[in-house]
Structure formats: structure tokens, C-alpha cells
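Data file: query00.txt. Format and content: compact mmCIF, C-alpha atoms and all ligand atoms.
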# COMPACT_ATOMS: atom_id res chain seq x y z
CA MET A 2 92.46 125.48 -40.66
CA SER A 3 93.79 128.97 -40.03
CA VAL A 4 95.31 130.66 -43.10
CA ILE A 5 96.58 134.14 -43.98
CA ARG A 6 94.23 136.01 -46.31
CA ALA A 7 94.75 139.28 -48.20
CA GLU A 8 91.65 141.33 -47.35
CA VAL A 9 90.70 144.44 -49.31
CA THR A 10 90.88 147.35 -46.87
CA GLY A 11 90.72 150.27 -49.29
CA VAL A 12 89.81 151.17 -52.86
CA GLY A 13 90.51 154.35 -54.80
CA ALA A 14 90.55 155.82 -58.28
CA TYR A 15 91.57 158.81 -60.33
CA LEU A 16 90.54 159.96 -63.79
CA PRO A 17 92.14 162.84 -65.71
CA LYS A 18 89.85 165.83 -66.17
CA GLN A 19 89.77 165.96 -69.98
CA VAL A 20 86.86 164.03 -71.53
CA LEU A 21 87.23 162.95 -75.17
CA THR A 22 83.89 161.93 -76.68
CA ASN A 23 83.22 159.82 -79.75
CA ALA A 24 81.99 162.98 -81.47
CA ASP A 25 85.37 164.64 -80.73
CA LEU A 26 87.13 161.68 -82.35
CA ALA A 27 84.84 161.76 -85.38
CA LYS A 28 86.11 165.29 -86.11
CA LYS A 29 89.66 163.94 -86.60
CA LEU A 30 89.12 160.37 -87.82
CA ASP A 31 86.89 158.56 -90.33
CA THR A 32 84.63 157.15 -87.61
CA SER A 33 81.31 157.91 -85.92
CA ASP A 34 79.64 157.84 -82.53
CA ASP A 35 77.24 155.19 -83.87
CA TRP A 36 80.03 152.86 -85.06
CA ILE A 37 82.00 153.12 -81.82
CA ARG A 38 78.94 152.64 -79.59
CA GLU A 39 77.56 149.75 -81.58
CA ARG A 40 80.87 147.83 -81.85
CA THR A 41 82.30 148.62 -78.40
CA GLY A 42 79.77 150.30 -76.07
CA ILE A 43 82.24 153.18 -75.57
CA ARG A 44 80.83 156.75 -75.39
CA GLU A 45 83.80 158.68 -74.01
CA ARG A 46 87.22 158.32 -72.41
CA ARG A 47 89.56 160.46 -70.28
CA ILE A 48 92.88 161.77 -71.57
CA ALA A 49 95.80 162.82 -69.34
CA ALA A 50 96.86 166.46 -69.64
CA ASP A 51 100.27 167.42 -71.06
CA GLY A 52 102.73 166.96 -68.22
CA GLU A 53 100.37 164.63 -66.33
CA TYR A 54 102.11 161.27 -66.01
CA THR A 55 101.15 157.70 -65.13
CA SER A 56 102.73 158.27 -61.69
CA ASP A 57 100.47 161.32 -61.11
CA LEU A 58 97.38 159.23 -61.85
CA ALA A 59 98.69 156.37 -59.69
CA ILE A 60 99.45 158.65 -56.73
CA ALA A 61 95.98 160.23 -56.82
CA ALA A 62 94.33 156.78 -56.89
CA ALA A 63 96.61 155.53 -54.10
CA GLN A 64 95.82 158.56 -51.91
CA ASP A 65 92.10 157.93 -52.42
CA ALA A 66 92.53 154.25 -51.44
CA LEU A 67 94.58 155.19 -48.37
CA ARG A 68 91.91 157.71 -47.32
CA ASN A 69 89.21 155.06 -47.67
CA SER A 70 91.20 152.48 -45.72
CA GLY A 71 92.03 154.82 -42.85
CA LEU A 72 95.65 153.58 -43.10
CA ASN A 73 98.62 155.91 -43.07
CA ALA A 74 101.04 155.62 -46.02
CA SER A 75 103.74 154.60 -43.53
CA ALA A 76 101.84 151.31 -42.96
CA ILE A 77 102.45 150.23 -46.58
CA ASP A 78 105.32 147.77 -46.92
CA LEU A 79 104.97 146.91 -50.62
CA ILE A 80 103.76 148.73 -53.74
CA VAL A 81 102.95 146.71 -56.85
CA LEU A 82 102.07 148.93 -59.80
CA ALA A 83 100.70 147.43 -63.01
CA THR A 84 101.39 149.53 -66.07
CA ALA A 85 102.43 149.23 -69.70
CA THR A 86 102.92 153.00 -69.91
CA PRO A 87 105.53 153.80 -67.24
CA ASP A 88 106.79 157.38 -66.82
CA GLU A 89 110.25 156.29 -67.96
CA THR A 90 111.96 153.12 -69.24
CA PHE A 91 113.47 152.93 -65.75
CA PRO A 92 113.23 153.22 -62.79
CA ALA A 93 109.89 151.59 -62.05
CA THR A 94 107.03 154.08 -61.78
CA ALA A 95 106.17 152.36 -58.47
CA THR A 96 109.31 153.86 -56.92
CA THR A 97 108.18 157.38 -57.92
CA VAL A 98 104.83 156.65 -56.27
CA GLN A 99 106.64 155.35 -53.16
CA ALA A 100 108.75 158.51 -52.86
CA ARG A 101 105.85 160.89 -53.44
CA LEU A 102 103.74 159.10 -50.82
CA GLY A 103 106.62 159.61 -48.38
CA ILE A 104 107.23 155.87 -47.92
CA THR A 105 110.86 155.11 -47.04
CA ARG A 106 110.74 151.38 -46.28
CA GLY A 107 109.75 148.16 -47.99
CA ALA A 108 109.80 147.70 -51.76
CA ALA A 109 108.08 149.03 -54.86
CA PHE A 110 108.09 147.56 -58.35
CA ASP A 111 106.14 147.57 -61.61
CA ILE A 112 104.40 144.65 -63.29
CA GLN A 113 104.09 144.52 -67.06
CA ALA A 114 101.23 142.34 -68.28
CA VAL A 115 99.40 145.06 -70.26
CA CYS A 116 95.60 144.83 -69.78
CA SER A 117 95.98 141.83 -67.42
CA GLY A 118 98.43 143.80 -65.29
CA PHE A 119 96.05 144.38 -62.40
CA ILE A 120 95.23 140.66 -62.04
CA TYR A 121 98.98 139.87 -62.18
CA ALA A 122 99.66 142.57 -59.56
CA LEU A 123 96.86 141.28 -57.34
CA ALA A 124 98.23 137.73 -57.63
CA THR A 125 101.73 138.96 -56.71
CA ALA A 126 100.49 141.00 -53.73
CA ASP A 127 98.32 138.12 -52.51
CA ASN A 128 101.28 135.75 -52.61
CA PHE A 129 103.57 138.19 -50.74
CA ILE A 130 100.92 138.47 -48.03
CA LYS A 131 100.29 134.71 -47.86
CA ALA A 132 104.05 134.10 -47.61
CA GLY A 133 104.22 136.49 -44.64
CA GLN A 134 106.54 138.90 -46.49
CA ALA A 135 104.16 141.89 -46.48
CA LYS A 136 101.26 143.06 -44.31
CA ASN A 137 99.78 146.04 -46.17
CA VAL A 138 100.22 146.16 -49.94
CA LEU A 139 99.23 148.97 -52.27
CA VAL A 140 98.18 147.45 -55.60
CA ILE A 141 97.76 149.97 -58.41
CA GLY A 142 96.76 149.83 -62.06
CA ALA A 143 97.67 153.08 -63.84
CA GLU A 144 97.94 153.90 -67.53
CA THR A 145 98.35 156.73 -70.01
CA PHE A 146 97.55 154.71 -73.13
CA SER A 147 96.83 157.97 -74.98
CA ARG A 148 100.65 158.28 -75.26
CA ILE A 149 101.08 155.00 -77.20
CA LEU A 150 98.09 155.32 -79.54
CA ASP A 151 98.46 156.04 -83.24
CA TRP A 152 95.86 158.82 -83.41
CA ASN A 153 95.58 158.31 -87.18
CA ASP A 154 94.51 154.65 -86.78
CA ARG A 155 90.75 154.51 -86.27
CA THR A 156 90.87 150.76 -85.53
CA THR A 157 92.73 151.35 -82.24
CA ALA A 158 92.54 155.07 -81.31
CA VAL A 159 88.83 154.88 -80.43
CA LEU A 160 89.21 152.03 -77.93
CA PHE A 161 91.44 153.28 -75.11
CA GLY A 162 91.57 155.86 -72.32
CA ASP A 163 93.71 156.98 -69.36
CA GLY A 164 93.11 156.43 -65.65
CA ALA A 165 94.20 154.72 -62.45
CA GLY A 166 92.69 152.57 -59.73
CA ALA A 167 94.14 151.20 -56.50
CA LEU A 168 93.41 148.65 -53.79
CA ILE A 169 94.97 148.17 -50.40
CA LEU A 170 95.35 144.54 -49.35
CA SER A 171 95.97 143.77 -45.68
CA ALA A 172 96.92 140.49 -44.01
CA ALA A 173 94.11 138.87 -41.98
CA GLN A 174 93.32 135.45 -40.54
CA GLY A 175 90.92 133.23 -42.47
CA GLN A 176 89.58 129.69 -42.17
CA GLY A 177 90.76 128.54 -45.59
CA THR A 178 87.23 128.30 -47.02
CA ALA A 179 85.32 130.24 -49.68
CA ALA A 180 83.45 131.97 -46.82
CA ASP A 181 86.64 133.90 -45.90
CA ARG A 182 86.90 137.57 -46.79
CA GLY A 183 89.73 138.66 -49.09
CA VAL A 184 91.46 137.17 -52.12
CA LEU A 185 90.31 133.54 -52.32
CA SER A 186 92.31 132.64 -55.43
CA THR A 187 94.20 134.06 -58.38
CA HIS A 188 95.02 132.30 -61.65
CA ILE A 189 97.31 133.87 -64.25
CA PHE A 190 98.21 132.62 -67.72
CA SER A 191 100.18 133.67 -70.79
CA ASP A 192 100.82 132.49 -74.35
CA GLY A 193 103.74 134.28 -75.99
CA ARG A 194 102.92 132.81 -79.40
CA GLN A 195 100.17 135.44 -79.78
CA HIS A 196 102.56 138.43 -79.72
CA ASP A 197 101.64 139.69 -83.20
CA LEU A 198 97.92 140.05 -82.45
CA LEU A 199 98.49 142.84 -79.91
CA TYR A 200 101.78 144.66 -79.32
CA VAL A 201 103.55 148.02 -79.37
CA ASP A 202 105.93 148.47 -82.32
CA GLY A 203 108.69 150.13 -80.34
CA GLY A 204 110.85 149.73 -77.26
CA PRO A 205 114.25 150.68 -75.85
CA SER A 206 116.07 147.60 -77.12
CA LYS A 207 114.41 147.08 -80.52
CA THR A 208 113.86 150.61 -81.81
CA LYS A 209 115.03 153.03 -79.10
CA THR A 210 111.54 154.57 -79.38
CA THR A 211 108.28 154.18 -77.50
CA GLY A 212 106.24 152.95 -80.47
CA PHE A 213 102.51 152.65 -81.08
CA LEU A 214 99.91 150.05 -80.23
CA ARG A 215 99.07 147.60 -83.04
CA MET A 216 96.20 145.13 -82.88
CA GLU A 217 94.28 142.56 -84.90
CA GLY A 218 90.98 143.43 -83.22
CA ARG A 219 88.83 140.62 -84.53
CA GLU A 220 91.36 137.93 -83.55
CA VAL A 221 91.85 139.46 -80.09
CA PHE A 222 88.08 139.44 -79.60
CA ARG A 223 87.86 135.73 -80.45
CA HIS A 224 90.67 134.71 -78.06
CA ALA A 225 89.38 137.04 -75.32
CA VAL A 226 86.01 135.36 -74.83
CA THR A 227 87.55 131.84 -74.79
CA ASN A 228 90.47 132.67 -72.49
CA LEU A 229 88.45 134.82 -70.09
CA SER A 230 85.65 132.31 -69.66
CA ASP A 231 88.22 129.52 -69.09
CA ALA A 232 89.95 131.64 -66.41
CA ILE A 233 86.64 132.39 -64.67
CA GLU A 234 85.59 128.75 -64.71
CA THR A 235 88.99 127.78 -63.24
CA ALA A 236 88.49 130.33 -60.44
CA MET A 237 84.99 129.05 -59.62
CA ARG A 238 85.99 125.38 -59.81
CA SER A 239 89.02 125.80 -57.56
CA ASN A 240 86.84 127.40 -54.86
CA GLY A 241 83.86 125.05 -55.19
CA VAL A 242 81.47 127.84 -56.22
CA THR A 243 79.18 128.24 -59.23
CA ALA A 244 78.03 131.23 -61.29
CA THR A 245 74.93 131.61 -59.11
CA ASP A 246 77.18 132.21 -56.07
CA ILE A 247 78.84 135.21 -57.76
CA ASP A 248 77.41 138.55 -56.60
CA TRP A 249 79.41 140.71 -59.01
CA PHE A 250 81.37 140.06 -62.17
CA VAL A 251 84.05 142.79 -62.48
CA PRO A 252 85.69 142.30 -65.88
CA HIS A 253 88.45 144.10 -67.70
CA GLN A 254 86.61 146.86 -69.59
CA ALA A 255 87.75 146.16 -73.16
CA ASN A 256 84.52 146.12 -75.12
CA GLN A 257 80.90 145.70 -74.01
CA ARG A 258 80.47 142.85 -76.49
CA ILE A 259 83.36 140.93 -74.87
CA LEU A 260 81.84 141.56 -71.41
CA ASP A 261 78.41 140.34 -72.55
CA ALA A 262 79.70 137.29 -74.42
CA THR A 263 81.93 136.21 -71.51
CA ALA A 264 79.18 136.66 -68.91
CA ARG A 265 76.80 134.66 -71.11
CA LYS A 266 79.34 131.86 -71.59
CA VAL A 267 79.99 131.42 -67.84
CA GLY A 268 76.33 131.90 -66.84
CA VAL A 269 76.57 135.20 -64.94
CA HIS A 270 73.34 137.24 -65.19
CA PRO A 271 73.82 140.56 -67.09
CA ALA A 272 72.53 142.52 -64.08
CA ARG A 273 75.56 141.23 -62.13
CA VAL A 274 78.13 142.64 -64.57
CA ILE A 275 79.92 145.87 -63.55
CA SER A 276 80.48 147.87 -66.72
CA THR A 277 82.25 151.22 -66.98
CA VAL A 278 83.39 150.77 -70.57
CA ALA A 279 80.95 153.46 -71.79
CA ILE A 280 82.62 156.20 -69.75
CA HIS A 281 86.20 154.97 -69.30
CA ALA A 282 86.86 152.95 -72.51
CA ASN A 283 89.71 150.46 -72.16
CA THR A 284 92.18 151.78 -69.56
CA SER A 285 94.29 148.60 -69.67
CA ALA A 286 95.68 147.73 -66.20
CA ALA A 287 93.54 150.46 -64.60
CA SER A 288 90.21 149.15 -65.83
CA VAL A 289 89.41 146.52 -63.17
CA PRO A 290 90.21 148.71 -60.12
CA LEU A 291 88.40 151.67 -61.74
CA ALA A 292 85.30 149.50 -62.17
CA LEU A 293 85.63 148.21 -58.60
CA ASP A 294 85.94 151.74 -57.23
CA CYS A 295 82.87 152.85 -59.15
CA ALA A 296 80.67 149.98 -57.92
CA VAL A 297 81.89 150.23 -54.31
CA LYS A 298 81.30 153.97 -54.15
CA ASP A 299 77.82 153.76 -55.72
CA GLY A 300 76.88 151.11 -53.15
CA ARG A 301 76.47 148.07 -55.41
CA ILE A 302 79.43 146.08 -54.04
CA LYS A 303 78.97 145.42 -50.34
CA ARG A 304 80.99 143.73 -47.61
CA ASP A 305 81.03 139.90 -47.76
CA GLN A 306 79.86 139.73 -51.37
CA LEU A 307 81.63 137.38 -53.79
CA LEU A 308 83.35 138.94 -56.81
CA VAL A 309 85.03 137.44 -59.83
CA LEU A 310 87.59 139.66 -61.55
CA GLU A 311 89.19 138.92 -64.91
CA ALA A 312 91.38 140.48 -67.57
CA MET A 313 93.20 139.73 -70.79
CA GLY A 314 95.84 141.65 -72.69
CA GLY A 315 98.89 141.69 -74.93
CA GLY A 316 101.26 138.75 -74.76
CA PHE A 317 98.70 137.22 -74.62
CA THR A 318 98.30 137.37 -70.87
CA TRP A 319 95.08 136.69 -68.98
CA GLY A 320 93.83 135.73 -65.55
CA SER A 321 91.11 135.75 -62.92
CA ALA A 322 90.69 136.36 -59.22
CA LEU A 323 87.94 135.40 -56.81
CA VAL A 324 87.56 137.92 -54.01
CA ARG A 325 85.14 138.15 -51.10
CA TRP A 326 84.75 141.87 -50.41
N1 LIG B 1 85.14 153.59 -87.17
C1 LIG B 1 84.51 153.19 -88.28
N2 LIG B 1 84.83 152.05 -88.92
C2 LIG B 1 85.81 151.30 -88.41
C3 LIG B 1 86.52 151.67 -87.26
C4 LIG B 1 86.16 152.87 -86.62
N3 LIG B 1 86.76 153.31 -85.50
N4 LIG B 1 87.45 150.73 -86.99
C5 LIG B 1 87.33 149.79 -87.94
N5 LIG B 1 86.35 150.13 -88.81
C6 LIG B 1 85.91 149.40 -89.98
C7 LIG B 1 86.91 148.43 -90.49
O1 LIG B 1 87.85 149.06 -91.33
C8 LIG B 1 86.05 147.44 -91.23
O2 LIG B 1 85.73 147.97 -92.48
P1 LIG B 1 85.66 147.03 -93.80
O3 LIG B 1 84.57 146.04 -93.52
O4 LIG B 1 85.36 148.00 -94.89
O5 LIG B 1 87.01 146.38 -93.89
C9 LIG B 1 84.75 147.41 -90.41
O6 LIG B 1 84.77 148.60 -89.62
C10 LIG B 1 84.64 146.19 -89.51
O7 LIG B 1 85.87 146.01 -88.81
P2 LIG B 1 86.09 144.81 -87.82
O8 LIG B 1 87.50 144.89 -87.32
O9 LIG B 1 85.64 143.54 -88.42
O10 LIG B 1 85.06 145.21 -86.67
P3 LIG B 1 84.71 144.43 -85.35
O11 LIG B 1 83.27 144.22 -85.27
O12 LIG B 1 85.61 143.24 -85.15
O13 LIG B 1 85.07 145.51 -84.25
C11 LIG B 1 86.81 145.97 -82.66
C12 LIG B 1 86.40 145.97 -84.13
C13 LIG B 1 85.92 146.94 -81.92
C14 LIG B 1 88.26 146.41 -82.55
C15 LIG B 1 86.63 144.56 -82.09
O14 LIG B 1 87.22 143.60 -82.92
C16 LIG B 1 87.23 144.42 -80.71
O15 LIG B 1 86.79 145.03 -79.76
N6 LIG B 1 88.23 143.56 -80.52
C17 LIG B 1 88.86 143.38 -79.26
C18 LIG B 1 89.95 144.36 -79.16
C19 LIG B 1 90.25 144.77 -77.77
O16 LIG B 1 89.41 144.92 -76.92
N7 LIG B 1 91.53 145.00 -77.52
C20 LIG B 1 91.95 145.56 -76.30
C21 LIG B 1 93.13 144.90 -75.73
S1 LIG B 1 92.88 143.22 -75.42
C22 LIG B 1 91.65 143.20 -74.38
O17 LIG B 1 91.55 144.11 -73.64
C23 LIG B 1 90.78 142.05 -74.36

Kindly return the structure encoded in the file as C-alpha cells.
Amino acid sequence: MSVIRAEVTGVGAYLPKQVLTNADLAKKLDTSDDWIRERTGIRERRIAADGEYTSDLAIAAAQDALRNSGLNASAIDLIVLATATPDETFPATATTVQARLGITRGAAFDIQAVCSGFIYALATADNFIKAGQAKNVLVIGAETFSRILDWNDRTTAVLFGDGAGALILSAAQGQGTAADRGVLSTHIFSDGRQHDLLYVDGGPSKTKTTGFLRMEGREVFRHAVTNLSDAIETAMRSNGVTATDIDWFVPHQANQRILDATARKVGVHPARVISTVAIHANTSAASVPLALDCAVKDGRIKRDQLLVLEAMGGGFTWGSALVRW
């Protein structure tokens, strides 16, 4: 059976120049390099410069992805940008990206699913392509979480970083089997009852401020491993594949212990896990495409290999995607 598939035709990334190490943090907070490494695997993170916005990061990642795809920006008919740290309350940061890339047709909008944002954006883009409503979609995850951190709170300030990653998805013909290239499935979930475990204590309607990130870390950890492994198993089951068929596990980069525990639970060998948490920390919606970009550019991820992507974030939201590269 002939079906429309969303194939990945480009990948790109951008990281701000400024590196903030654990030792830098330990000068300002009651924490240590040892504690942060042992509990999270994080060594350093990037921080956007003053005047450098989420849109700037997104545009740089998008330009890198366009360069790698060989496509001209004018071929893009949809931009889906996942972010919880938009430049402004409105308009969508995606429209700033659209204008600065010189794109004057199609549509651009933001998706807000916090750390799961990239999986939600990928699911949205895939469905637009499958419905025949878009041919080339720019999917971006971009965040400046440094702007919503309480830098006096050691339980959250050490965990996050800034960055952006982007994919270009292009419509192609497939056979409707797991041997096709492109996005084979996406599954997204949410449970609004878990709001208080991870949220930002501000917003235009409630406080007329931006607010700061608040989190019950231990509870989030517990839910993360359960929800993420369920989402991965759903992805594998719905495509008739098993953990041994997966070439690369590309998880949301929250905490090395969550990555390890989830891989163990679903039976993916540790050597198959792409981890950038040590050098990027948790970049929320940017973390999955940043990890993808890293492993494609260093030659680990190759054409036709099978990837499982996953993420979980505030809401709670979570999801998975199975992609043949
Ligand atoms: N430096 C030193 N000590 C610290 C720090 C710090 N930065 N932060 C907390 N501590 C202390 C605590 O105060 C506590 O001290 P106490 O025993 O005297 O009360 C002790 O360390 C242990 O704290 P816990 O919270 O129990 O430590 P835990 O092992 O759970 O690690 C962490 C905390 C890293 C936040 C972990 O729970 C975690 O990663 N949770 C998931 C959070 C996450 O990834 N959120 C991102 C968004 S959602 C997602 O992406 C999946």
C-alpha cells in the first residue's frame, strides 16, 4: 500500500557561545560539581547572551538544517516551533523565524508542551504531511530556559541550559511498513492533574509576569521513567518492532539517571543511547533535536537506521516517535 511519509531531509543545531560549568555554579550556589555530576550527569550547559533570544537560536538551527538539506527556505510551507520560552507572549516566535528566513507563504506557529514540545511538534508536522497539507516542514525546538530559572534555587538552576535544534521533514512515498524511511509513528500524551509537580509560577493571565520554574524533582523522576518507557513500548508495539530492532535511542536529555533507567526498562543496550546531557544539560524542547544533530554529525546515526525518540515535560506531557533515518 502506498502511503505518504514524512522523511527527515535535514538536521541542524545551534548552541549559544557562553559555557556555564558546574564549578561556575558552585561559586554562586550551595552546590558542587560532584553533586551535580553524580545526581544528573551534567557537566556544563550553554547560556544565551543578553539580547540573544529564542528566535535567534531557532533561526541559526533552522539555517543549519536548511544547509544540510540542500533546500531553499522558499521550499518550506510550514514552520512548527516548540518552545516554552517564546520571545514574547505573542506573536508566536515561529512567525519571527518565518520572517527572518524570508519565507512569505504558508504558516508558522508555536507549540507549547515544555520538554515534550519537540515530540508534539514532530507529531503535528507528520500529520500535516500525511494529510497532504504541507510538503516541506521546518520543525524546531528552541529554548532560553536560563530566563525562567530562579538562580537562587539550587534544586532547579543546575539542571537546565539554552539551545536549539531543527529538522526538515519532506513528503515522500512509502509502502506503509516499518521498512519505510521517515516518521513511522508518533504517540503523544498528557495528564493535567500533575501540574503542581512542574510548572512556572507566572504568566500573562495569572500574574502578568513571566515567573520562575518550580519542580518537585524526585516526583518528576518517578513519573518520567514510567511514562517514557510506556510511550516507547507503545511506539515499538504499534510498528511490530522490538528493542533489538532499535539502532539508536534518542531521549529527552533531562538527567543521565532517567536515560539509563528508561533504557534499562525497555531493554535498549546502553551503547545505543545518545546522550548529550553532560554538555547541554536539559534544554527542554531543544534537547532531542540537539542530540540528533550531534549523533548525525559525528557519524553514529546513519541512513536507514531505526530510531526511537521520547520526551516528557511539564503538564505532564510526554510522547514518543519511531523514525527511520
Ligand atoms: N546541590 C547540592 N545539593 C542539592 C542540590 C544541588 N544542586 N539540589 C538538591 N540538593 C539536596 C537536597 O536539598 C537534598 O538535601 P536533604 O537530603 O538535606 O534534604 C538532597 O540534595 C537530595 O535531594 P533529592 O531531591 O532527593 O535528590 P535527587 O537524587 O532526587 O536528585 C534531581 C534531584 C536531580 C532534581 C532529580 O530528582 C531529578 O533529576 N529529577 C527529575 C527532574 C527533571 O529532570 N526535570 C526536568 C523536567 S521534566 C523532564 O525533563 C523529565

Hey, which residues come within 9 Å of ligand LIG 1 (chain B) if we count only C-alpha atoms and all ligand atoms? Could you give them as number ranges by chain? A: 26-27, 30-37, 39-41, 115-117, 154-161, 199, 216-226, 229, 253-259, 283-285, 312-315, 317, 319

For the residues selected in the previous step, produce a file with C-alpha atoms as an mmCIF file, keeping the file's coordinate frame.
data_model
loop_
_atom_site.group_PDB
_atom_site.id
_atom_site.type_symbol
_atom_site.label_atom_id
_atom_site.label_comp_id
_atom_site.auth_asym_id
_atom_site.auth_seq_id
_atom_site.Cartn_x
_atom_site.Cartn_y
_atom_site.Cartn_z
ATOM 1 C CA LEU A 26 87.130 161.680 -82.350
ATOM 2 C CA ALA A 27 84.840 161.760 -85.380
ATOM 3 C CA LEU A 30 89.120 160.370 -87.820
ATOM 4 C CA ASP A 31 86.890 158.560 -90.330
ATOM 5 C CA THR A 32 84.630 157.150 -87.610
ATOM 6 C CA SER A 33 81.310 157.910 -85.920
ATOM 7 C CA ASP A 34 79.640 157.840 -82.530
ATOM 8 C CA ASP A 35 77.240 155.190 -83.870
ATOM 9 C CA TRP A 36 80.030 152.860 -85.060
ATOM 10 C CA ILE A 37 82.000 153.120 -81.820
ATOM 11 C CA GLU A 39 77.560 149.750 -81.580
ATOM 12 C CA ARG A 40 80.870 147.830 -81.850
ATOM 13 C CA THR A 41 82.300 148.620 -78.400
ATOM 14 C CA VAL A 115 99.400 145.060 -70.260
ATOM 15 C CA CYS A 116 95.600 144.830 -69.780
ATOM 16 C CA SER A 117 95.980 141.830 -67.420
ATOM 17 C CA ASP A 154 94.510 154.650 -86.780
ATOM 18 C CA ARG A 155 90.750 154.510 -86.270
ATOM 19 C CA THR A 156 90.870 150.760 -85.530
ATOM 20 C CA THR A 157 92.730 151.350 -82.240
ATOM 21 C CA ALA A 158 92.540 155.070 -81.310
ATOM 22 C CA VAL A 159 88.830 154.880 -80.430
ATOM 23 C CA LEU A 160 89.210 152.030 -77.930
ATOM 24 C CA PHE A 161 91.440 153.280 -75.110
ATOM 25 C CA LEU A 199 98.490 142.840 -79.910
ATOM 26 C CA MET A 216 96.200 145.130 -82.880
ATOM 27 C CA GLU A 217 94.280 142.560 -84.900
ATOM 28 C CA GLY A 218 90.980 143.430 -83.220
ATOM 29 C CA ARG A 219 88.830 140.620 -84.530
ATOM 30 C CA GLU A 220 91.360 137.930 -83.550
ATOM 31 C CA VAL A 221 91.850 139.460 -80.090
ATOM 32 C CA PHE A 222 88.080 139.440 -79.600
ATOM 33 C CA ARG A 223 87.860 135.730 -80.450
ATOM 34 C CA HIS A 224 90.670 134.710 -78.060
ATOM 35 C CA ALA A 225 89.380 137.040 -75.320
ATOM 36 C CA VAL A 226 86.010 135.360 -74.830
ATOM 37 C CA LEU A 229 88.450 134.820 -70.090
ATOM 38 C CA HIS A 253 88.450 144.100 -67.700
ATOM 39 C CA GLN A 254 86.610 146.860 -69.590
ATOM 40 C CA ALA A 255 87.750 146.160 -73.160
ATOM 41 C CA ASN A 256 84.520 146.120 -75.120
ATOM 42 C CA GLN A 257 80.900 145.700 -74.010
ATOM 43 C CA ARG A 258 80.470 142.850 -76.490
ATOM 44 C CA ILE A 259 83.360 140.930 -74.870
ATOM 45 C CA ASN A 283 89.710 150.460 -72.160
ATOM 46 C CA THR A 284 92.180 151.780 -69.560
ATOM 47 C CA SER A 285 94.290 148.600 -69.670
ATOM 48 C CA ALA A 312 91.380 140.480 -67.570
ATOM 49 C CA MET A 313 93.200 139.730 -70.790
ATOM 50 C CA GLY A 314 95.840 141.650 -72.690
ATOM 51 C CA GLY A 315 98.890 141.690 -74.930
ATOM 52 C CA PHE A 317 98.700 137.220 -74.620
ATOM 53 C CA TRP A 319 95.080 136.690 -68.980
#

Counting all atoms listed in the file, the option among A:Thr318, A:Ser288, A:Gln134, A:Thr145 closest to Asp57 in chain A: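 For Asp57 in chain A, the nearest of the given residues is A:Thr145.
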
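Within 7 Å of the point (89.8, 130.2, -57.7), counting all atoms listed in the file, the protein and nucleic acid residues come to Leu185, Ser186, Thr187, His188, Thr235, Ala236, Met237, Arg238, Ser239, Asn240, Ala322 and Leu323 of chain A.
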
With distances taken over all atoms listed in the file, which residue among A:Asn137, A:Thr211, A:Ser147, A:Thr227 lies nearest Val9 in chain A?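 For Val9 in chain A, the nearest of the given residues is A:Asn137.
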
Ranking A:Gln176, A:Thr90, A:Asn73, A:Thr97 by minimum distance to Ile60 in chain A and counting all atoms listed in the file, which one comes first? A:Thr97

Measure the distance from CA of Gln195 in chain A to CA of Ile112 in chain A in Å and round it to one decimal. 19.4 Å

Do you have the CA of Ala100 in chain A-CA of Pro290 in chain A distance handy?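 Pair CA of Ala100 in chain A / CA of Pro290 in chain A returns 22.2 Å.
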
Report as a PyMOL selection string all protein, DNA and RNA residues lying within 9 Å of Val184 in chain A, evaluated on only C-alpha atoms, omitting residues in the same chain fewer than 6 positions from it. chain A and resi 6-9+123-124+127+170+322-326

Between CA of Gly212 in chain A and CA of Ala122 in chain A, what distance in Å does the model show, to one decimal?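 CA of Gly212 in chain A sits 24.3 Å away from CA of Ala122 in chain A.
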
Assuming 8 Å of padding per side, give the centre and edge lengths of the axis-aligned box around every listed atom of range 38-51 of chain A, in Å to one decimal and as AutoDock Vina command-line options.
--center_x 88.9 --center_y 157.6 --center_z -75.6 --size_x 38.7 --size_y 35.6 --size_z 28.5

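Among A:Thr210, A:Gly316, A:Ala76, A:Gln174, the residue with the shortest atom-to-atom distance to Ser191 in chain A, counting only C-alpha atoms, is A:Gly316.
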
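For the residues A:Ser321, A:Thr86, A:Thr10, A:Asn228, ranking by smallest atom-to-atom distance to Ile189 in chain A using all atoms listed in the file places A:Ser321 first.
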
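If you count only C-alpha atoms and ignore residues fewer than 2 places along the chain from Ala61 in chain A, what sits within 9 Å of it is A:Gly13, A:Ala14, A:Tyr15, A:Leu16, A:Ser56, A:Asp57, A:Leu58, A:Ala59, A:Ala63, A:Gln64, A:Asp65, A:Ala66, A:Ala165, A:Gly166.
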
Neighbours of Ala272 in chain A within 12 Å (all atoms listed in the file; same-chain residues fewer than 5 positions away dropped), as a compact mmCIF listing (two decimals) with C-alpha atoms, keeping the file's coordinate frame?
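Saved result, selection-v7.txt, follows:
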# COMPACT_ATOMS: atom_id res chain seq x y z
CA ILE A 247 78.84 135.21 -57.76
CA ASP A 248 77.41 138.55 -56.60
CA TRP A 249 79.41 140.71 -59.01
CA PHE A 250 81.37 140.06 -62.17
CA VAL A 251 84.05 142.79 -62.48
CA LEU A 260 81.84 141.56 -71.41
CA ASP A 261 78.41 140.34 -72.55
CA ALA A 264 79.18 136.66 -68.91
CA ARG A 265 76.80 134.66 -71.11
CA ARG A 301 76.47 148.07 -55.41

With distances taken over all atoms listed in the file, which of A:Val81, A:Ala232, A:Ala74, A:Phe129 is nearest to Ile104 in chain A?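 Selected residue with least distance to Ile104 in chain A: A:Ala74.
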